[in-house]
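Below is one structure, written out as structure tokens, with a few remarks after it.
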Amino acid sequence: MSTLYTRWFADLRLDDRPTVGGKCASLGELLSAGIDVPDGFAVTVDAFELFRDTGGLRSQLTDLVFSTDPTSSAALDDAHRRATALICTSAVPAQIEEQIRTHYAELCQRWGHPDGDLPVAVRSSAVAEDGDATSFAGQQETYLWVVGADSVIEHVRACWASLYTPQAIAYRTQLTAEQAADATRISVAIQCMVDAAVAGVAFTVSPRTGDRSVIAINASWGLGHAVVSGEVTPDEFWVSKAGPQLTSQTIAHKLTQCVPDPSGTGVITAPVPADQRDIACLDAAMVLQLAELATRVEDHYAHPVDIEWALTRSTDHAPARLLLLQSRPETSWKARQAEARARRAATGGASYLNVISSAAGRAGGDAA
Amino acid sequence: MTTTEAPRTGSDSSAPRRRGFPDPYEIGSPEGAEGWRAMYPYYNQFLDARRAKDSQRTWFRNGMHFPEAMPPFDIVTSDSAFMSTGVMNTRVFALPPALGIDVRVLNGYVYMSANGVEDPEEIGRRAGEFAVRVGHYYQNWPTLYEAWERKIRAEIAKVGAIVIPEMGELEPVENVLAGRGVTTSNDLLVAYQALLASVDAAWNLHSEFLNMGYAAYLNFLMLCRSHFPEITDQSVAKMVSGVDVLLFRPDDELKKLAALAIELDLVTELTAGRPHEELRQDMSSSDAGARWWAAYDESADPWFHFSYGNGFYHHHRSWSDDPTFPLTMIGEYIGRLRNGEDLSRPVDAVAAERDAVTARYRGLIDDEADRQAFDEALGLSKVVFPYVENHNFFIEHWYMTTFWNKMRELGALFVRYGFFDQVDDLFFLRRAEIADALVDLQMAWCGGGEPLGPDFWPPVIAERRRVHAVLNRWAAPPALGPEPSGIVEPMTIMLWGITDEQVQKWLDAQDGGDGGRVLSGFAGSPGIAEGPARVVLSPSDLDELLEGEILVAPITSPSWTPVFARIKGAVSDIGGIMCHAAIVSREYGLPAVVGTGTGTTSIRTGQIVRVDGNTGTVTILSD
């Protein structure tokens, strides 16, 4: 079988993680579960491996990392500049470039841009788990509103190059060569850009208490970037999964939003119109719809998740669509559950209610 | 009813209080009500000799059960109810950390302060007793509950059967011929004592199951909170609540009668809004009419022994006493049915939702042992909760409206003997004064002389009625005394809606607050609604309530349930998550904010208000 350098999200499942990274594998998995995810494809780990194996790039990059003094910021900056230059000036092997161009062209065809100018998001998709020893912040680049095949290829390279930030280099100098190689196994997601009217994140477990019965939603006007990066204080909605039911909301003063650059590529930060600053960016019905989406993702994975989502602008022909942009397992709740169990044990003994509990064991029992 | 909270203890009485509620000893009488203390027994008063003790305790107003100033006799319901809840905690079940409640009346209003157990050794000793006693109840609950229903039905029959002797000119001849010896004068004394004994027994029965019912509920609530720290009280209530609740039965009977009226072609008669007696007489001449009234009478006993109020006051009459409201609602339901509306309660949907909510939470518990504990706690709650939901109809409604009417028979006897003009004047005498007046009447009847009462009571009663009216206008503070250090006893929280947070809100409001535009209470039922407010202080104002208005009331009575079909939202001064307004609002899918403390005094009829049942706030939007 010939090596695949690109793979459609629709063909991916969770166990494809080693070849397409966590982000792409998860998007494919959710797509297959019937969840509305923007179409796209992965540039596989094999693509980057082949790229590195061409023209001796791999050894040059490895030497560069391991010869850098991690305590010298000048040296790290220099290594970063040199690695980036190496990656951005090396030719992408023809078979990779051709597959990316073909897939992008088809994506353009599918989504009404036959002239090849479909805006996409280009994001890195690491194989290493979040929180793994080998993962490191800085290799999770995202480029929004990338238009045209040449630009897509340029940004794929930029994602690869993002493995070589000064911090990432410093970190990898501490690893073995094998660990460092694992930490740089990376895929790139090319995903249709959503022109979001409203976007944000949702947690299927309370970030406050680890309570698994609630969903916390952050939302603001425009693309989700503003919420994820913390540029705006988003509206906050709390939903009880039972129902589901909106239990509380806090409307923030939203001054800025992230919107497509009028030039046609990239995004800019623009002011929110005065009449939208202090109103809720989601109505209750949409909050509940979003909660259901988050719950479906959680149910599919059978563990808590956080998701990024976007709500498209409604047009004359189409109502607003709620899309899932990515999902990650939420890991902090296990620790919080252990805390809660300890709390139960600590307070239980002091209360007369434990007598009732033991009576309940003998008397009740068959109701649920 | 039960409560405990931890009042701040050990503070030096001479030290300045940083923040707190008014000192009961520094609150004067409202102008024009100076003599109010004479209306209540000494054992309910803040005595000067006890100032050092009583002013150091926190006293919460029990506005839930006693929203109005107490008429002198009506204090028997406070006496019996608090004695009963107290004796169950203190001496029957030996609830380890909580005893009963001390009661004081200030300017006519009932305040309460809980007695706790602090010595860990004593708590441990009580825990052993508690396990045996409460364990027996939980394990035999269905049998005991069945027996309970027999006991309370018997008590209702008993109080109804008490005979107030006629006290005619002569002892009835059959007594003489039977050689009875003991006379009807003695029967009168016995009858009054039987009335007092019966109301006390009924309240014992009220509390026999209630505290334990709440304790089981609470156990489940705490278990839910340990797994789901952010779970709403509404969600817990939803998992436990029954679908077939007696509270809704009288309303269901009205709907049934409306349907029958359509079937029997009696629509015109029953929607004309005519007075009850006249209507009954006219309609009874036709077969269909007679059939309908027979059905009405069947529904009415017992379901219309349904108090317009909460049953704690003599003037809380029942639907049977005054059928205006049920007949009006039947007329309204006839209109709705003819418009093709489905009036049936969505019981299947409610049950399905309850099961779905339960499955949702249960599914989020990973550990098998934890899931089993959840099942057991929920199982017990569901076994005991029907009592919590249903006792109210038997005691507060059926029993109490029967009791008050029996008292009225006694009042009528005094009226016949010229002690006062109106039957209800009786309730302006204290229980001990009634005992005195009875002796007066007995002496006169026995001796053939004149009772002194007619020359003694009329001016006293007139003065008390005036004072009582003044007290009714007094704004009783929600609490008295020092700020409590922490309210931990969740029955207080559940039933009365008294929490640390609520205490802080009361203190804030007292210290100036936000100008009264935003009121905070409990999120009783979710959703948001805006509309014109209608402040309803008594059931007689219910007629004015229009479709689409927001009901604002001190507290709502279960017998008001039918009007929830008309309103857009509900706001109450008093109550927690399990209060009637919250339960009915959830059933009707209306937003409700309960326990606002000051809804009826801050909101005026006609103001546009927003009820946010998600956050528990009410905002006054316009004047």
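Chain identifiers are assigned as A, B, and so on, following the order in which chains appear in the structure tokens; residues are numbered from 1 within each chain, and ligands are numbered from 1 in order of appearance.
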
Write out as a list in words which residues come within 8 Å of Leu471 in chain B when counting only C-alpha atoms, dropping same-chain ones fewer than 2 positions away. Pro30, Ala33, Ala69, Asn107, Gly108, Val467, His468, Ala469, Arg473 and Trp474 of chain B

Any idea what's packed within 8 Å of Leu426 in chain B, counting only C-alpha atoms, ignoring anything in its chain fewer than 3 positions away? Could you give it as a list in words? Phe73, Arg408, Gly411, Phe414, Phe420, Gln422, Val423, Leu429 and Ile434 of chain B

All strand (DSSP E) positions in range 41-184 of chain A, as a PDB file with C-alpha atoms, in the first residue's frame:
```
ATOM      1  CA  PHE A  41      -8.294  16.483   5.855  1.00  0.00           C
ATOM      2  CA  ALA A  42      -5.125  15.617   7.687  1.00  0.00           C
ATOM      3  CA  VAL A  43      -1.604  15.991   6.375  1.00  0.00           C
ATOM      4  CA  PRO A 119     -10.691  29.764   3.424  1.00  0.00           C
ATOM      5  CA  VAL A 120      -9.377  27.072   5.748  1.00  0.00           C
ATOM      6  CA  ALA A 121      -7.890  26.785   9.199  1.00  0.00           C
ATOM      7  CA  VAL A 122      -4.489  25.116   9.325  1.00  0.00           C
ATOM      8  CA  ARG A 123      -3.690  23.594  12.743  1.00  0.00           C
ATOM      9  CA  SER A 124      -1.057  21.260  14.072  1.00  0.00           C
ATOM     10  CA  SER A 125      -2.246  17.903  15.417  1.00  0.00           C
ATOM     11  CA  ALA A 126       0.267  16.263  17.728  1.00  0.00           C
ATOM     12  CA  THR A 142      -3.351  27.468  14.428  1.00  0.00           C
ATOM     13  CA  TYR A 143      -3.557  29.653  11.318  1.00  0.00           C
ATOM     14  CA  LEU A 144      -6.976  31.016  10.476  1.00  0.00           C
ATOM     15  CA  TRP A 145      -8.506  32.051   7.183  1.00  0.00           C
ATOM     16  CA  VAL A 146      -5.765  30.612   4.992  1.00  0.00           C
ATOM     17  CA  VAL A 147      -6.750  30.909   1.309  1.00  0.00           C
TER      18      VAL A 147
END
```

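You will find CA of His314 in chain B at 18.9 Å from CA of Phe419 in chain B.
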
Show me, as a compact mmCIF listing (two decimals) with N, CA and C atoms, in the first residue's frame, the residues that have an atom within 10 Å of range 241-252 of chain A when counting only C-alpha atoms, minus same-chain residues fewer than 6 positions from it.
```
# COMPACT_ATOMS: atom_id res chain seq x y z
N THR A 204 -17.64 19.76 29.67
CA THR A 204 -18.71 18.89 30.16
C THR A 204 -18.50 18.47 31.60
N VAL A 205 -17.66 19.18 32.29
CA VAL A 205 -17.46 18.96 33.72
C VAL A 205 -17.15 20.34 34.29
N ARG A 212 -19.61 16.59 37.48
CA ARG A 212 -19.84 16.07 36.13
C ARG A 212 -21.26 16.30 35.65
N SER A 213 -22.12 16.82 36.47
CA SER A 213 -23.51 16.99 36.04
C SER A 213 -23.76 18.35 35.41
N VAL A 214 -22.72 19.16 35.34
CA VAL A 214 -22.94 20.49 34.76
C VAL A 214 -22.04 20.70 33.55
N ILE A 215 -22.48 21.63 32.71
CA ILE A 215 -21.71 22.02 31.54
C ILE A 215 -21.44 23.51 31.66
N ALA A 216 -20.20 23.90 31.46
CA ALA A 216 -19.85 25.32 31.48
C ALA A 216 -19.57 25.75 30.05
N ILE A 217 -20.18 26.85 29.65
CA ILE A 217 -20.01 27.33 28.28
C ILE A 217 -19.48 28.76 28.31
N ASN A 218 -18.44 29.02 27.53
CA ASN A 218 -17.96 30.38 27.32
C ASN A 218 -18.23 30.74 25.88
N ALA A 219 -18.72 31.92 25.65
CA ALA A 219 -19.09 32.30 24.29
C ALA A 219 -18.88 33.79 24.09
N SER A 220 -18.44 34.14 22.87
CA SER A 220 -18.33 35.56 22.56
C SER A 220 -18.57 35.75 21.07
N VAL A 232 -10.89 38.19 25.13
CA VAL A 232 -12.12 38.82 25.63
C VAL A 232 -12.60 38.05 26.86
N THR A 233 -13.36 38.75 27.69
CA THR A 233 -14.08 38.05 28.76
C THR A 233 -15.39 37.58 28.15
N PRO A 234 -15.56 36.28 28.05
CA PRO A 234 -16.76 35.80 27.35
C PRO A 234 -18.00 35.78 28.24
N ASP A 235 -19.15 35.66 27.60
CA ASP A 235 -20.37 35.35 28.34
C ASP A 235 -20.20 33.94 28.91
N ARG A 277 -22.54 44.74 22.71
CA ARG A 277 -21.51 44.51 23.73
C ARG A 277 -22.05 43.88 25.00
N ASP A 278 -23.23 44.32 25.42
CA ASP A 278 -23.71 43.89 26.73
C ASP A 278 -24.92 42.96 26.66
N ILE A 279 -25.15 42.41 25.47
CA ILE A 279 -26.25 41.45 25.39
C ILE A 279 -25.68 40.04 25.27
N ALA A 280 -26.51 39.06 25.66
CA ALA A 280 -26.07 37.66 25.60
C ALA A 280 -25.84 37.28 24.15
N CYS A 281 -24.71 36.64 23.85
CA CYS A 281 -24.46 36.27 22.46
C CYS A 281 -25.12 34.95 22.09
N LEU A 282 -25.67 34.24 23.07
CA LEU A 282 -26.45 33.03 22.77
C LEU A 282 -27.79 33.16 23.47
N ALA A 284 -31.23 31.20 25.11
CA ALA A 284 -31.33 30.00 25.95
C ALA A 284 -31.46 28.74 25.10
N ALA A 285 -32.22 28.83 24.01
CA ALA A 285 -32.43 27.64 23.18
C ALA A 285 -31.10 27.18 22.58
N VAL A 287 -28.13 27.78 23.81
CA VAL A 287 -27.29 27.25 24.90
C VAL A 287 -27.62 25.77 25.11
N LEU A 288 -28.90 25.47 25.09
CA LEU A 288 -29.30 24.08 25.32
C LEU A 288 -28.87 23.18 24.17
N GLN A 289 -28.96 23.71 22.95
CA GLN A 289 -28.52 22.94 21.79
C GLN A 289 -27.02 22.65 21.89
N ALA A 291 -25.34 22.56 24.67
CA ALA A 291 -25.14 21.61 25.77
C ALA A 291 -25.38 20.19 25.27
N GLU A 292 -26.37 20.04 24.41
CA GLU A 292 -26.64 18.70 23.89
C GLU A 292 -25.51 18.21 23.02
N ALA A 294 -22.36 19.10 23.33
CA ALA A 294 -21.24 18.74 24.22
C ALA A 294 -21.51 17.39 24.89
N THR A 295 -22.75 17.18 25.29
CA THR A 295 -23.11 15.92 25.94
C THR A 295 -22.96 14.74 24.99
N GLU B 230 -22.55 21.00 42.32
CA GLU B 230 -23.33 22.11 41.78
C GLU B 230 -24.76 21.72 41.44
N ILE B 231 -25.19 20.55 41.88
CA ILE B 231 -26.54 20.10 41.55
C ILE B 231 -27.55 21.09 42.14
N THR B 232 -28.58 21.40 41.37
CA THR B 232 -29.59 22.32 41.89
C THR B 232 -30.58 21.55 42.76
N SER B 235 -33.22 19.90 40.78
CA SER B 235 -32.94 18.60 40.17
C SER B 235 -33.14 17.48 41.18
N LYS B 238 -36.73 16.96 41.68
CA LYS B 238 -37.32 16.29 40.53
C LYS B 238 -37.15 14.77 40.61
N GLU B 353 -39.69 12.47 32.63
CA GLU B 353 -38.62 13.42 32.88
C GLU B 353 -37.88 13.06 34.17
N ARG B 354 -38.65 12.68 35.17
CA ARG B 354 -38.03 12.29 36.44
C ARG B 354 -37.07 11.11 36.22
N ALA B 356 -35.65 10.25 33.43
CA ALA B 356 -34.50 10.64 32.59
C ALA B 356 -33.47 11.40 33.42
N VAL B 357 -33.95 12.29 34.29
CA VAL B 357 -33.04 13.06 35.13
C VAL B 357 -32.27 12.11 36.06
N THR B 358 -33.00 11.16 36.64
CA THR B 358 -32.37 10.20 37.54
C THR B 358 -31.30 9.39 36.80
N ALA B 359 -31.67 8.91 35.62
CA ALA B 359 -30.72 8.09 34.85
C ALA B 359 -29.48 8.90 34.50
N ARG B 360 -29.69 10.16 34.21
CA ARG B 360 -28.58 11.04 33.84
C ARG B 360 -27.57 11.15 35.00
N TYR B 361 -28.08 11.46 36.17
CA TYR B 361 -27.18 11.60 37.31
C TYR B 361 -26.55 10.27 37.68
N ALA B 523 -34.32 30.06 43.69
CA ALA B 523 -34.77 29.67 42.36
C ALA B 523 -35.71 28.48 42.54
N PRO B 526 -37.49 26.87 37.31
CA PRO B 526 -36.67 27.55 36.31
C PRO B 526 -37.47 28.29 35.24
N GLY B 527 -36.78 29.17 34.54
CA GLY B 527 -37.39 29.94 33.46
C GLY B 527 -37.39 31.42 33.80
N ASP B 612 -36.82 35.72 37.40
CA ASP B 612 -35.79 34.84 36.84
C ASP B 612 -35.66 33.62 37.77
N GLY B 613 -36.33 32.57 37.37
CA GLY B 613 -36.35 31.34 38.17
C GLY B 613 -35.07 30.53 38.04
N ASN B 614 -34.16 30.98 37.19
CA ASN B 614 -32.87 30.29 37.08
C ASN B 614 -31.91 30.79 38.14
N THR B 615 -31.96 32.11 38.37
CA THR B 615 -31.00 32.69 39.30
C THR B 615 -31.65 33.06 40.63
N GLY B 616 -32.99 33.01 40.69
CA GLY B 616 -33.65 33.36 41.93
C GLY B 616 -33.72 34.86 42.18
```

Interatomic distance, CA of Val110 in chain B to CA of Pro97 in chain B (Å, one decimal): 23.7 Å

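Here the question is which of B:Leu247, B:Leu364, B:Leu264, B:Met39 gets nearest to Arg466 in chain B using only C-alpha atoms, and that residue is B:Met39.
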
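Of the residues under consideration (B:Asn219, B:Ser585, B:Ser540, B:Ser559), B:Asn219 shows the shortest atom-to-atom contact distance to chain A when counting only C-alpha atoms.
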
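Atom to atom, CA of Asp306 in chain A and CA of Thr184 in chain A stand 24.2 Å apart.
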
Which chain B residues have any atom within 6 Å of an atom of chain A, and for each, what is the nearest pair of atoms with distance in Å to one decimal, counting only C-alpha atoms, rows sorted by chain and number, as a tab-separated table?
```
residue	atom	partner	partner_atom	distance
B:Ala131	CA	A:Val355	CA	6.0
B:Gly135	CA	A:Ala359	CA	5.6
B:Gln139	CA	A:Ala363	CA	4.8
B:Asn219	CA	A:Leu353	CA	5.7
B:Phe228	CA	A:Asp211	CA	4.8
B:Pro229	CA	A:Asp211	CA	5.8
B:Val357	CA	A:Ala242	CA	4.9
B:Asp375	CA	A:Ala368	CA	5.5
B:Glu376	CA	A:Gly365	CA	3.9
B:Ala377	CA	A:Ala360	CA	5.5
B:Gly379	CA	A:Ala367	CA	4.4
B:Leu380	CA	A:Gly364	CA	4.1
B:Asn614	CA	A:Thr247	CA	5.1
B:Thr615	CA	A:Ser248	CA	5.9
```

Selected residues, C-alpha atoms, written as a PDB file, in the first residue's frame, please.
```pdb
ATOM      1  CA  ALA B 131     -30.685   4.261  64.870  1.00  0.00           C
ATOM      2  CA  GLY B 135     -34.533   2.446  61.683  1.00  0.00           C
ATOM      3  CA  GLN B 139     -37.902  -0.353  57.572  1.00  0.00           C
ATOM      4  CA  ASN B 219     -29.672  12.284  53.223  1.00  0.00           C
ATOM      5  CA  PHE B 228     -22.412  16.791  42.143  1.00  0.00           C
ATOM      6  CA  PRO B 229     -21.417  19.855  44.143  1.00  0.00           C
ATOM      7  CA  VAL B 357     -33.035  13.055  35.135  1.00  0.00           C
ATOM      8  CA  ASP B 375     -29.956   3.886  44.545  1.00  0.00           C
ATOM      9  CA  GLU B 376     -30.544   3.145  48.217  1.00  0.00           C
ATOM     10  CA  ALA B 377     -30.753   6.762  49.301  1.00  0.00           C
ATOM     11  CA  GLY B 379     -35.080   4.472  47.102  1.00  0.00           C
ATOM     12  CA  LEU B 380     -35.626   5.469  50.712  1.00  0.00           C
ATOM     13  CA  ASN B 614     -32.872  30.288  37.084  1.00  0.00           C
ATOM     14  CA  THR B 615     -31.003  32.693  39.304  1.00  0.00           C
TER      15      THR B 615
END
```
